[in-house]
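K.L.:
As input, take run_4.cif (mmCIF, N, CA and C atoms):
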```cif
data_target
#
loop_
_atom_site.label_atom_id
_atom_site.label_comp_id
_atom_site.auth_asym_id
_atom_site.auth_seq_id
_atom_site.Cartn_x
_atom_site.Cartn_y
_atom_site.Cartn_z
N MET A 1 6.47 -11.54 10.03
CA MET A 1 6.88 -10.16 9.92
C MET A 1 6.69 -9.65 8.48
N THR A 2 7.05 -10.47 7.51
CA THR A 2 6.89 -10.08 6.11
C THR A 2 5.43 -9.89 5.76
N GLU A 3 4.60 -10.78 6.28
CA GLU A 3 3.16 -10.68 6.05
C GLU A 3 2.63 -9.35 6.59
N ALA A 4 3.06 -8.98 7.78
CA ALA A 4 2.61 -7.74 8.39
C ALA A 4 3.08 -6.52 7.58
N LEU A 5 4.29 -6.58 7.05
CA LEU A 5 4.80 -5.48 6.24
C LEU A 5 3.95 -5.32 4.97
N HIS A 6 3.62 -6.43 4.33
CA HIS A 6 2.79 -6.36 3.13
C HIS A 6 1.40 -5.81 3.46
N ILE A 7 0.86 -6.20 4.57
CA ILE A 7 -0.45 -5.69 4.99
C ILE A 7 -0.36 -4.20 5.26
N PHE A 8 0.69 -3.77 5.96
CA PHE A 8 0.89 -2.35 6.22
C PHE A 8 0.93 -1.57 4.91
N LEU A 9 1.70 -2.05 3.95
CA LEU A 9 1.79 -1.37 2.65
C LEU A 9 0.44 -1.31 1.97
N LEU A 10 -0.31 -2.38 2.04
CA LEU A 10 -1.63 -2.42 1.42
C LEU A 10 -2.56 -1.38 2.04
N MET A 11 -2.38 -1.09 3.31
CA MET A 11 -3.22 -0.11 3.99
C MET A 11 -2.83 1.34 3.67
N HIS A 12 -1.76 1.51 2.90
CA HIS A 12 -1.27 2.85 2.55
C HIS A 12 -1.10 2.99 1.04
N PRO A 13 -2.19 3.27 0.34
CA PRO A 13 -2.09 3.41 -1.12
C PRO A 13 -1.14 4.53 -1.56
N GLU A 14 -0.92 5.53 -0.71
CA GLU A 14 0.01 6.60 -1.06
C GLU A 14 1.45 6.09 -1.15
N ILE A 15 1.79 5.11 -0.32
CA ILE A 15 3.13 4.51 -0.38
C ILE A 15 3.24 3.66 -1.65
N ILE A 16 2.20 2.91 -1.95
CA ILE A 16 2.21 2.07 -3.15
C ILE A 16 2.43 2.95 -4.39
N GLU A 17 1.74 4.08 -4.43
CA GLU A 17 1.89 4.97 -5.58
C GLU A 17 3.29 5.60 -5.63
N HIS A 18 3.75 6.11 -4.50
CA HIS A 18 5.02 6.82 -4.46
C HIS A 18 6.22 5.89 -4.69
N LYS A 19 6.23 4.76 -4.03
CA LYS A 19 7.40 3.86 -4.09
C LYS A 19 7.35 2.86 -5.24
N PHE A 20 6.13 2.45 -5.63
CA PHE A 20 6.01 1.37 -6.62
C PHE A 20 5.33 1.82 -7.91
N GLN A 21 4.96 3.08 -7.99
CA GLN A 21 4.35 3.68 -9.17
C GLN A 21 3.08 2.95 -9.64
N VAL A 22 2.28 2.51 -8.68
CA VAL A 22 0.98 1.92 -8.98
C VAL A 22 -0.06 2.71 -8.19
N ASP A 23 -0.97 3.35 -8.91
CA ASP A 23 -2.02 4.13 -8.29
C ASP A 23 -3.26 3.24 -8.17
N VAL A 24 -3.44 2.66 -7.00
CA VAL A 24 -4.54 1.71 -6.79
C VAL A 24 -5.88 2.41 -6.56
N ILE A 25 -5.86 3.72 -6.37
CA ILE A 25 -7.09 4.48 -6.18
C ILE A 25 -7.68 4.91 -7.53
N ARG A 26 -6.84 5.43 -8.41
CA ARG A 26 -7.30 5.90 -9.72
C ARG A 26 -7.16 4.85 -10.82
N GLY A 27 -6.48 3.74 -10.51
CA GLY A 27 -6.31 2.68 -11.50
C GLY A 27 -5.33 3.04 -12.60
N ARG A 28 -4.10 3.34 -12.19
CA ARG A 28 -3.06 3.70 -13.15
C ARG A 28 -1.74 3.04 -12.75
N ILE A 29 -0.92 2.76 -13.77
CA ILE A 29 0.41 2.21 -13.54
C ILE A 29 1.41 3.09 -14.29
N HIS A 30 2.45 3.52 -13.59
CA HIS A 30 3.48 4.35 -14.20
C HIS A 30 4.43 3.45 -15.00
N ARG A 31 4.64 3.82 -16.25
CA ARG A 31 5.53 3.04 -17.11
C ARG A 31 6.41 3.99 -17.91
N VAL A 32 7.54 3.45 -18.35
CA VAL A 32 8.41 4.17 -19.28
C VAL A 32 8.39 3.36 -20.57
N ILE A 33 7.86 3.96 -21.63
CA ILE A 33 7.75 3.30 -22.93
C ILE A 33 8.47 4.18 -23.96
N ASP A 34 9.47 3.60 -24.59
CA ASP A 34 10.27 4.34 -25.57
C ASP A 34 10.79 5.65 -24.99
N GLY A 35 11.24 5.60 -23.74
CA GLY A 35 11.80 6.77 -23.09
C GLY A 35 10.78 7.78 -22.58
N GLN A 36 9.51 7.52 -22.81
CA GLN A 36 8.44 8.42 -22.36
C GLN A 36 7.79 7.87 -21.09
N GLU A 37 7.69 8.71 -20.08
CA GLU A 37 7.00 8.32 -18.85
C GLU A 37 5.51 8.56 -19.02
N ILE A 38 4.72 7.54 -18.75
CA ILE A 38 3.27 7.68 -18.84
C ILE A 38 2.61 6.99 -17.66
N TRP A 39 1.40 7.43 -17.34
CA TRP A 39 0.53 6.74 -16.40
C TRP A 39 -0.49 6.00 -17.25
N GLU A 40 -0.30 4.70 -17.35
CA GLU A 40 -1.16 3.86 -18.18
C GLU A 40 -2.42 3.48 -17.40
N PRO A 41 -3.58 3.62 -18.01
CA PRO A 41 -4.81 3.21 -17.33
C PRO A 41 -4.81 1.72 -17.00
N SER A 42 -5.28 1.39 -15.82
CA SER A 42 -5.37 0.00 -15.39
C SER A 42 -6.56 -0.13 -14.44
N PRO A 43 -7.79 -0.02 -14.97
CA PRO A 43 -8.97 -0.02 -14.10
C PRO A 43 -9.12 -1.29 -13.27
N GLU A 44 -8.62 -2.41 -13.76
CA GLU A 44 -8.72 -3.66 -12.98
C GLU A 44 -7.91 -3.59 -11.70
N THR A 45 -6.92 -2.71 -11.67
CA THR A 45 -6.10 -2.54 -10.47
C THR A 45 -6.95 -2.08 -9.29
N VAL A 46 -7.91 -1.21 -9.53
CA VAL A 46 -8.78 -0.70 -8.47
C VAL A 46 -9.61 -1.85 -7.89
N THR A 47 -10.20 -2.62 -8.76
CA THR A 47 -11.03 -3.75 -8.31
C THR A 47 -10.20 -4.77 -7.54
N ASP A 48 -9.04 -5.10 -8.08
CA ASP A 48 -8.17 -6.07 -7.41
C ASP A 48 -7.73 -5.56 -6.04
N TYR A 49 -7.38 -4.28 -5.98
CA TYR A 49 -6.95 -3.69 -4.72
C TYR A 49 -8.08 -3.71 -3.68
N GLU A 50 -9.27 -3.30 -4.10
CA GLU A 50 -10.41 -3.28 -3.17
C GLU A 50 -10.72 -4.68 -2.64
N ARG A 51 -10.68 -5.67 -3.51
CA ARG A 51 -10.96 -7.04 -3.09
C ARG A 51 -9.89 -7.54 -2.11
N LEU A 52 -8.63 -7.30 -2.44
CA LEU A 52 -7.54 -7.75 -1.57
C LEU A 52 -7.57 -7.02 -0.24
N ARG A 53 -7.82 -5.73 -0.26
CA ARG A 53 -7.85 -4.97 0.99
C ARG A 53 -8.98 -5.44 1.90
N ALA A 54 -10.16 -5.71 1.35
CA ALA A 54 -11.28 -6.20 2.16
C ALA A 54 -10.93 -7.54 2.80
N TYR A 55 -10.28 -8.40 2.05
CA TYR A 55 -9.87 -9.70 2.59
C TYR A 55 -8.86 -9.52 3.72
N VAL A 56 -7.86 -8.69 3.48
CA VAL A 56 -6.80 -8.49 4.47
C VAL A 56 -7.34 -7.83 5.74
N GLU A 57 -8.28 -6.91 5.59
CA GLU A 57 -8.87 -6.29 6.77
C GLU A 57 -9.55 -7.34 7.65
N ARG A 58 -10.21 -8.30 7.03
CA ARG A 58 -10.85 -9.37 7.79
C ARG A 58 -9.80 -10.25 8.48
N VAL A 59 -8.71 -10.54 7.78
CA VAL A 59 -7.63 -11.34 8.37
C VAL A 59 -7.07 -10.64 9.59
N VAL A 60 -6.79 -9.36 9.47
CA VAL A 60 -6.20 -8.59 10.57
C VAL A 60 -7.16 -8.54 11.77
N GLU A 61 -8.45 -8.39 11.50
CA GLU A 61 -9.44 -8.38 12.59
C GLU A 61 -9.43 -9.67 13.39
N ASN A 62 -9.09 -10.77 12.75
CA ASN A 62 -9.16 -12.08 13.39
C ASN A 62 -7.81 -12.62 13.85
N ASP A 63 -6.76 -11.85 13.72
CA ASP A 63 -5.43 -12.32 14.11
C ASP A 63 -4.72 -11.24 14.91
N SER A 64 -4.73 -11.38 16.22
CA SER A 64 -4.18 -10.34 17.09
C SER A 64 -2.67 -10.17 16.91
N GLU A 65 -1.96 -11.22 16.59
CA GLU A 65 -0.51 -11.10 16.40
C GLU A 65 -0.19 -10.28 15.14
N ILE A 66 -0.90 -10.55 14.06
CA ILE A 66 -0.71 -9.76 12.84
C ILE A 66 -1.09 -8.30 13.12
N TRP A 67 -2.19 -8.10 13.83
CA TRP A 67 -2.61 -6.74 14.18
C TRP A 67 -1.52 -6.01 14.97
N ARG A 68 -0.89 -6.70 15.91
CA ARG A 68 0.17 -6.11 16.72
C ARG A 68 1.35 -5.71 15.83
N LEU A 69 1.74 -6.56 14.91
CA LEU A 69 2.87 -6.28 14.03
C LEU A 69 2.56 -5.14 13.05
N VAL A 70 1.37 -5.16 12.47
CA VAL A 70 0.97 -4.08 11.56
C VAL A 70 0.94 -2.75 12.32
N SER A 71 0.46 -2.77 13.54
CA SER A 71 0.42 -1.56 14.37
C SER A 71 1.82 -1.03 14.64
N ALA A 72 2.79 -1.93 14.81
CA ALA A 72 4.17 -1.52 15.04
C ALA A 72 4.73 -0.82 13.79
N PHE A 73 4.44 -1.37 12.61
CA PHE A 73 4.85 -0.71 11.38
C PHE A 73 4.20 0.67 11.26
N GLU A 74 2.93 0.73 11.60
CA GLU A 74 2.19 1.99 11.53
C GLU A 74 2.81 3.03 12.46
N LYS A 75 3.15 2.62 13.65
CA LYS A 75 3.76 3.52 14.62
C LYS A 75 5.08 4.06 14.09
N GLY A 76 5.91 3.20 13.52
CA GLY A 76 7.18 3.62 12.96
C GLY A 76 7.00 4.58 11.79
N TYR A 77 6.01 4.30 10.94
CA TYR A 77 5.72 5.16 9.79
C TYR A 77 5.29 6.55 10.25
N ARG A 78 4.39 6.60 11.23
CA ARG A 78 3.93 7.89 11.75
C ARG A 78 5.08 8.68 12.39
N HIS A 79 5.96 7.97 13.07
CA HIS A 79 7.12 8.62 13.67
C HIS A 79 8.00 9.23 12.57
N GLN A 80 8.22 8.49 11.49
CA GLN A 80 9.02 9.00 10.37
C GLN A 80 8.35 10.20 9.71
N LEU A 81 7.03 10.14 9.57
CA LEU A 81 6.30 11.28 8.99
C LEU A 81 6.49 12.54 9.82
N ARG A 82 6.35 12.39 11.14
CA ARG A 82 6.50 13.55 12.02
C ARG A 82 7.93 14.10 11.97
N ALA A 83 8.89 13.22 11.81
CA ALA A 83 10.28 13.64 11.78
C ALA A 83 10.70 14.18 10.41
N GLY A 84 9.80 14.05 9.42
CA GLY A 84 10.13 14.51 8.08
C GLY A 84 11.07 13.59 7.33
N ALA A 85 11.20 12.36 7.82
CA ALA A 85 12.14 11.42 7.23
C ALA A 85 11.54 10.62 6.08
N TRP A 86 10.23 10.65 5.93
CA TRP A 86 9.59 9.84 4.88
C TRP A 86 9.32 10.70 3.65
N THR A 87 9.85 10.28 2.53
CA THR A 87 9.58 11.01 1.29
C THR A 87 9.26 10.05 0.19
#
```
If you took the structure in this file and wrote it as structure tokens, what would it be?
P.N.:
Amino acid sequence: MTEALHIFLLMHPEIIEHKFQVDVIRGRIHRVIDGQEIWEPSPETVTDYERLRAYVERVVENDSEIWRLVSAFEKGYRHQLRAGAWT
């Protein structure tokens, strides 16, 4: 179940950015340094994310149980989005 949750999160870069302050698309990490909030460049984050996501997509394609669990998380997420409960 934990594995499926991590895979679900990996498939949603908008959640990673919003909840964990890591922008895996633009390669930035949100930090607070000396009381200042900044988005620090982290270009290696994009490469690492792309490599990990490609690997995980292959794993999900070959494991029907993981696919079923990830799909359940996806269904719940979409339900929350429609209900306006996800922010």
K.L.:
I need the residue set behind the PyMOL selection byres ((chain A and resi 40) around 6.5) for this file; please write it as a list in words.
P.N.:
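For this structure, the PyMOL selection byres ((chain A and resi 40) around 6.5) captures Gly27, Arg28, Ile29, His30, Arg31, Ile38, Trp39, Pro41 and Ser42 of chain A.
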K.L.:
Report, in Å with one decimal, the straight-line distance from atom CA of Ile66 of chain A to atom CA of His6 of chain A.
P.N.:
10.9 Å
K.L.:
Residues at most 8 Å from Thr45 of chain A, counting all atoms listed in the file, excluding those fewer than 5 positions away in the same chain, as a VMD selection string?
P.N.:
chain A and resid 23 to 28 50 to 51
K.L.:
Suppose you want the space between atom CA of Val22 of chain A and atom CA of Val46 of chain A; what is it in Å?
P.N.:
10.1 Å
K.L.:
Can you tell me, as a PDB file with N, CA and C atoms, in the coordinates of the input, which residues in segment 4-86 of chain A count as alpha helix (DSSP H) by DSSP?
P.N.:
```pdb
ATOM      1  N   ALA A   4       3.060  -8.980   7.780  1.00  0.00           N
ATOM      2  CA  ALA A   4       2.610  -7.740   8.390  1.00  0.00           C
ATOM      3  C   ALA A   4       3.080  -6.520   7.580  1.00  0.00           C
ATOM      4  N   LEU A   5       4.290  -6.580   7.050  1.00  0.00           N
ATOM      5  CA  LEU A   5       4.800  -5.480   6.240  1.00  0.00           C
ATOM      6  C   LEU A   5       3.950  -5.320   4.970  1.00  0.00           C
ATOM      7  N   HIS A   6       3.620  -6.430   4.330  1.00  0.00           N
ATOM      8  CA  HIS A   6       2.790  -6.360   3.130  1.00  0.00           C
ATOM      9  C   HIS A   6       1.400  -5.810   3.460  1.00  0.00           C
ATOM     10  N   ILE A   7       0.860  -6.200   4.570  1.00  0.00           N
ATOM     11  CA  ILE A   7      -0.450  -5.690   4.990  1.00  0.00           C
ATOM     12  C   ILE A   7      -0.360  -4.200   5.260  1.00  0.00           C
ATOM     13  N   PHE A   8       0.690  -3.770   5.960  1.00  0.00           N
ATOM     14  CA  PHE A   8       0.890  -2.350   6.220  1.00  0.00           C
ATOM     15  C   PHE A   8       0.930  -1.570   4.910  1.00  0.00           C
ATOM     16  N   LEU A   9       1.700  -2.050   3.950  1.00  0.00           N
ATOM     17  CA  LEU A   9       1.790  -1.370   2.650  1.00  0.00           C
ATOM     18  C   LEU A   9       0.440  -1.310   1.970  1.00  0.00           C
ATOM     19  N   LEU A  10      -0.310  -2.380   2.040  1.00  0.00           N
ATOM     20  CA  LEU A  10      -1.630  -2.420   1.420  1.00  0.00           C
ATOM     21  C   LEU A  10      -2.560  -1.380   2.040  1.00  0.00           C
ATOM     22  N   PRO A  13      -2.190   3.270   0.340  1.00  0.00           N
ATOM     23  CA  PRO A  13      -2.090   3.410  -1.120  1.00  0.00           C
ATOM     24  C   PRO A  13      -1.140   4.530  -1.560  1.00  0.00           C
ATOM     25  N   GLU A  14      -0.920   5.530  -0.710  1.00  0.00           N
ATOM     26  CA  GLU A  14       0.010   6.600  -1.060  1.00  0.00           C
ATOM     27  C   GLU A  14       1.450   6.090  -1.150  1.00  0.00           C
ATOM     28  N   ILE A  15       1.790   5.110  -0.320  1.00  0.00           N
ATOM     29  CA  ILE A  15       3.130   4.510  -0.380  1.00  0.00           C
ATOM     30  C   ILE A  15       3.240   3.660  -1.650  1.00  0.00           C
ATOM     31  N   ILE A  16       2.200   2.910  -1.950  1.00  0.00           N
ATOM     32  CA  ILE A  16       2.210   2.070  -3.150  1.00  0.00           C
ATOM     33  C   ILE A  16       2.430   2.950  -4.390  1.00  0.00           C
ATOM     34  N   GLU A  17       1.740   4.080  -4.430  1.00  0.00           N
ATOM     35  CA  GLU A  17       1.890   4.970  -5.580  1.00  0.00           C
ATOM     36  C   GLU A  17       3.290   5.600  -5.630  1.00  0.00           C
ATOM     37  N   HIS A  18       3.750   6.110  -4.500  1.00  0.00           N
ATOM     38  CA  HIS A  18       5.020   6.820  -4.460  1.00  0.00           C
ATOM     39  C   HIS A  18       6.220   5.890  -4.690  1.00  0.00           C
ATOM     40  N   LYS A  19       6.230   4.760  -4.030  1.00  0.00           N
ATOM     41  CA  LYS A  19       7.400   3.860  -4.090  1.00  0.00           C
ATOM     42  C   LYS A  19       7.350   2.860  -5.240  1.00  0.00           C
ATOM     43  N   PHE A  20       6.130   2.450  -5.630  1.00  0.00           N
ATOM     44  CA  PHE A  20       6.010   1.370  -6.620  1.00  0.00           C
ATOM     45  C   PHE A  20       5.330   1.820  -7.910  1.00  0.00           C
ATOM     46  N   PRO A  43      -7.790  -0.020 -14.970  1.00  0.00           N
ATOM     47  CA  PRO A  43      -8.970  -0.020 -14.100  1.00  0.00           C
ATOM     48  C   PRO A  43      -9.120  -1.290 -13.270  1.00  0.00           C
ATOM     49  N   GLU A  44      -8.620  -2.410 -13.760  1.00  0.00           N
ATOM     50  CA  GLU A  44      -8.720  -3.660 -12.980  1.00  0.00           C
ATOM     51  C   GLU A  44      -7.910  -3.590 -11.700  1.00  0.00           C
ATOM     52  N   THR A  45      -6.920  -2.710 -11.670  1.00  0.00           N
ATOM     53  CA  THR A  45      -6.100  -2.540 -10.470  1.00  0.00           C
ATOM     54  C   THR A  45      -6.950  -2.080  -9.290  1.00  0.00           C
ATOM     55  N   VAL A  46      -7.910  -1.210  -9.530  1.00  0.00           N
ATOM     56  CA  VAL A  46      -8.780  -0.700  -8.470  1.00  0.00           C
ATOM     57  C   VAL A  46      -9.610  -1.850  -7.890  1.00  0.00           C
ATOM     58  N   THR A  47     -10.200  -2.620  -8.760  1.00  0.00           N
ATOM     59  CA  THR A  47     -11.030  -3.750  -8.310  1.00  0.00           C
ATOM     60  C   THR A  47     -10.200  -4.770  -7.540  1.00  0.00           C
ATOM     61  N   ASP A  48      -9.040  -5.100  -8.080  1.00  0.00           N
ATOM     62  CA  ASP A  48      -8.170  -6.070  -7.410  1.00  0.00           C
ATOM     63  C   ASP A  48      -7.730  -5.560  -6.040  1.00  0.00           C
ATOM     64  N   TYR A  49      -7.380  -4.280  -5.980  1.00  0.00           N
ATOM     65  CA  TYR A  49      -6.950  -3.690  -4.720  1.00  0.00           C
ATOM     66  C   TYR A  49      -8.080  -3.710  -3.680  1.00  0.00           C
ATOM     67  N   GLU A  50      -9.270  -3.300  -4.100  1.00  0.00           N
ATOM     68  CA  GLU A  50     -10.410  -3.280  -3.170  1.00  0.00           C
ATOM     69  C   GLU A  50     -10.720  -4.680  -2.640  1.00  0.00           C
ATOM     70  N   ARG A  51     -10.680  -5.670  -3.510  1.00  0.00           N
ATOM     71  CA  ARG A  51     -10.960  -7.040  -3.090  1.00  0.00           C
ATOM     72  C   ARG A  51      -9.890  -7.540  -2.110  1.00  0.00           C
ATOM     73  N   LEU A  52      -8.630  -7.300  -2.440  1.00  0.00           N
ATOM     74  CA  LEU A  52      -7.540  -7.750  -1.570  1.00  0.00           C
ATOM     75  C   LEU A  52      -7.570  -7.020  -0.240  1.00  0.00           C
ATOM     76  N   ARG A  53      -7.820  -5.730  -0.260  1.00  0.00           N
ATOM     77  CA  ARG A  53      -7.850  -4.970   0.990  1.00  0.00           C
ATOM     78  C   ARG A  53      -8.980  -5.440   1.900  1.00  0.00           C
ATOM     79  N   ALA A  54     -10.160  -5.710   1.350  1.00  0.00           N
ATOM     80  CA  ALA A  54     -11.280  -6.200   2.160  1.00  0.00           C
ATOM     81  C   ALA A  54     -10.930  -7.540   2.800  1.00  0.00           C
ATOM     82  N   TYR A  55     -10.280  -8.400   2.050  1.00  0.00           N
ATOM     83  CA  TYR A  55      -9.870  -9.700   2.590  1.00  0.00           C
ATOM     84  C   TYR A  55      -8.860  -9.520   3.720  1.00  0.00           C
ATOM     85  N   VAL A  56      -7.860  -8.690   3.480  1.00  0.00           N
ATOM     86  CA  VAL A  56      -6.800  -8.490   4.470  1.00  0.00           C
ATOM     87  C   VAL A  56      -7.340  -7.830   5.740  1.00  0.00           C
ATOM     88  N   GLU A  57      -8.280  -6.910   5.590  1.00  0.00           N
ATOM     89  CA  GLU A  57      -8.870  -6.290   6.770  1.00  0.00           C
ATOM     90  C   GLU A  57      -9.550  -7.340   7.650  1.00  0.00           C
ATOM     91  N   ARG A  58     -10.210  -8.300   7.030  1.00  0.00           N
ATOM     92  CA  ARG A  58     -10.850  -9.370   7.790  1.00  0.00           C
ATOM     93  C   ARG A  58      -9.800 -10.250   8.480  1.00  0.00           C
ATOM     94  N   VAL A  59      -8.710 -10.540   7.780  1.00  0.00           N
ATOM     95  CA  VAL A  59      -7.630 -11.340   8.370  1.00  0.00           C
ATOM     96  C   VAL A  59      -7.070 -10.640   9.590  1.00  0.00           C
ATOM     97  N   VAL A  60      -6.790  -9.360   9.470  1.00  0.00           N
ATOM     98  CA  VAL A  60      -6.200  -8.590  10.570  1.00  0.00           C
ATOM     99  C   VAL A  60      -7.160  -8.540  11.770  1.00  0.00           C
ATOM    100  N   GLU A  61      -8.450  -8.390  11.500  1.00  0.00           N
ATOM    101  CA  GLU A  61      -9.440  -8.380  12.590  1.00  0.00           C
ATOM    102  C   GLU A  61      -9.430  -9.670  13.390  1.00  0.00           C
ATOM    103  N   SER A  64      -4.730 -11.380  16.220  1.00  0.00           N
ATOM    104  CA  SER A  64      -4.180 -10.340  17.090  1.00  0.00           C
ATOM    105  C   SER A  64      -2.670 -10.170  16.910  1.00  0.00           C
ATOM    106  N   GLU A  65      -1.960 -11.220  16.590  1.00  0.00           N
ATOM    107  CA  GLU A  65      -0.510 -11.100  16.400  1.00  0.00           C
ATOM    108  C   GLU A  65      -0.190 -10.280  15.140  1.00  0.00           C
ATOM    109  N   ILE A  66      -0.900 -10.550  14.060  1.00  0.00           N
ATOM    110  CA  ILE A  66      -0.710  -9.760  12.840  1.00  0.00           C
ATOM    111  C   ILE A  66      -1.090  -8.300  13.120  1.00  0.00           C
ATOM    112  N   TRP A  67      -2.190  -8.100  13.830  1.00  0.00           N
ATOM    113  CA  TRP A  67      -2.610  -6.740  14.180  1.00  0.00           C
ATOM    114  C   TRP A  67      -1.520  -6.010  14.970  1.00  0.00           C
ATOM    115  N   ARG A  68      -0.890  -6.700  15.910  1.00  0.00           N
ATOM    116  CA  ARG A  68       0.170  -6.110  16.720  1.00  0.00           C
ATOM    117  C   ARG A  68       1.350  -5.710  15.830  1.00  0.00           C
ATOM    118  N   LEU A  69       1.740  -6.560  14.910  1.00  0.00           N
ATOM    119  CA  LEU A  69       2.870  -6.280  14.030  1.00  0.00           C
ATOM    120  C   LEU A  69       2.560  -5.140  13.050  1.00  0.00           C
ATOM    121  N   VAL A  70       1.370  -5.160  12.470  1.00  0.00           N
ATOM    122  CA  VAL A  70       0.970  -4.080  11.560  1.00  0.00           C
ATOM    123  C   VAL A  70       0.940  -2.750  12.320  1.00  0.00           C
ATOM    124  N   SER A  71       0.460  -2.770  13.540  1.00  0.00           N
ATOM    125  CA  SER A  71       0.420  -1.560  14.370  1.00  0.00           C
ATOM    126  C   SER A  71       1.820  -1.030  14.640  1.00  0.00           C
ATOM    127  N   ALA A  72       2.790  -1.930  14.810  1.00  0.00           N
ATOM    128  CA  ALA A  72       4.170  -1.520  15.040  1.00  0.00           C
ATOM    129  C   ALA A  72       4.730  -0.820  13.790  1.00  0.00           C
ATOM    130  N   PHE A  73       4.440  -1.370  12.610  1.00  0.00           N
ATOM    131  CA  PHE A  73       4.850  -0.710  11.380  1.00  0.00           C
ATOM    132  C   PHE A  73       4.200   0.670  11.260  1.00  0.00           C
ATOM    133  N   GLU A  74       2.930   0.730  11.600  1.00  0.00           N
ATOM    134  CA  GLU A  74       2.190   1.990  11.530  1.00  0.00           C
ATOM    135  C   GLU A  74       2.810   3.030  12.460  1.00  0.00           C
ATOM    136  N   LYS A  75       3.150   2.620  13.650  1.00  0.00           N
ATOM    137  CA  LYS A  75       3.760   3.520  14.620  1.00  0.00           C
ATOM    138  C   LYS A  75       5.080   4.060  14.090  1.00  0.00           C
ATOM    139  N   GLY A  76       5.910   3.200  13.520  1.00  0.00           N
ATOM    140  CA  GLY A  76       7.180   3.620  12.960  1.00  0.00           C
ATOM    141  C   GLY A  76       7.000   4.580  11.790  1.00  0.00           C
ATOM    142  N   TYR A  77       6.010   4.300  10.940  1.00  0.00           N
ATOM    143  CA  TYR A  77       5.720   5.160   9.790  1.00  0.00           C
ATOM    144  C   TYR A  77       5.290   6.550  10.250  1.00  0.00           C
ATOM    145  N   ARG A  78       4.390   6.600  11.230  1.00  0.00           N
ATOM    146  CA  ARG A  78       3.930   7.890  11.750  1.00  0.00           C
ATOM    147  C   ARG A  78       5.080   8.680  12.390  1.00  0.00           C
ATOM    148  N   HIS A  79       5.960   7.970  13.070  1.00  0.00           N
ATOM    149  CA  HIS A  79       7.120   8.620  13.670  1.00  0.00           C
ATOM    150  C   HIS A  79       8.000   9.230  12.570  1.00  0.00           C
ATOM    151  N   GLN A  80       8.220   8.490  11.490  1.00  0.00           N
ATOM    152  CA  GLN A  80       9.020   9.000  10.370  1.00  0.00           C
ATOM    153  C   GLN A  80       8.350  10.200   9.710  1.00  0.00           C
ATOM    154  N   LEU A  81       7.030  10.140   9.570  1.00  0.00           N
ATOM    155  CA  LEU A  81       6.300  11.280   8.990  1.00  0.00           C
ATOM    156  C   LEU A  81       6.490  12.540   9.820  1.00  0.00           C
ATOM    157  N   ARG A  82       6.350  12.390  11.140  1.00  0.00           N
ATOM    158  CA  ARG A  82       6.500  13.550  12.020  1.00  0.00           C
ATOM    159  C   ARG A  82       7.930  14.100  11.970  1.00  0.00           C
ATOM    160  N   ALA A  83       8.890  13.220  11.810  1.00  0.00           N
ATOM    161  CA  ALA A  83      10.280  13.640  11.780  1.00  0.00           C
ATOM    162  C   ALA A  83      10.700  14.180  10.410  1.00  0.00           C
TER     163      ALA A  83
END
```
K.L.:
I'd like to know which of A:Ser64, A:Glu44, A:Met1, A:Ile15 is closest to Leu81 of chain A, using only C-alpha atoms.
P.N.:
A:Ile15
K.L.:
Show me, as number ranges by chain, the residues that have an atom within 12 Å of Tyr77 of chain A when counting only C-alpha atoms, minus same-chain residues fewer than 5 positions from it.
P.N.:
A: 5, 8-9, 11-12, 15, 70-72, 82-87
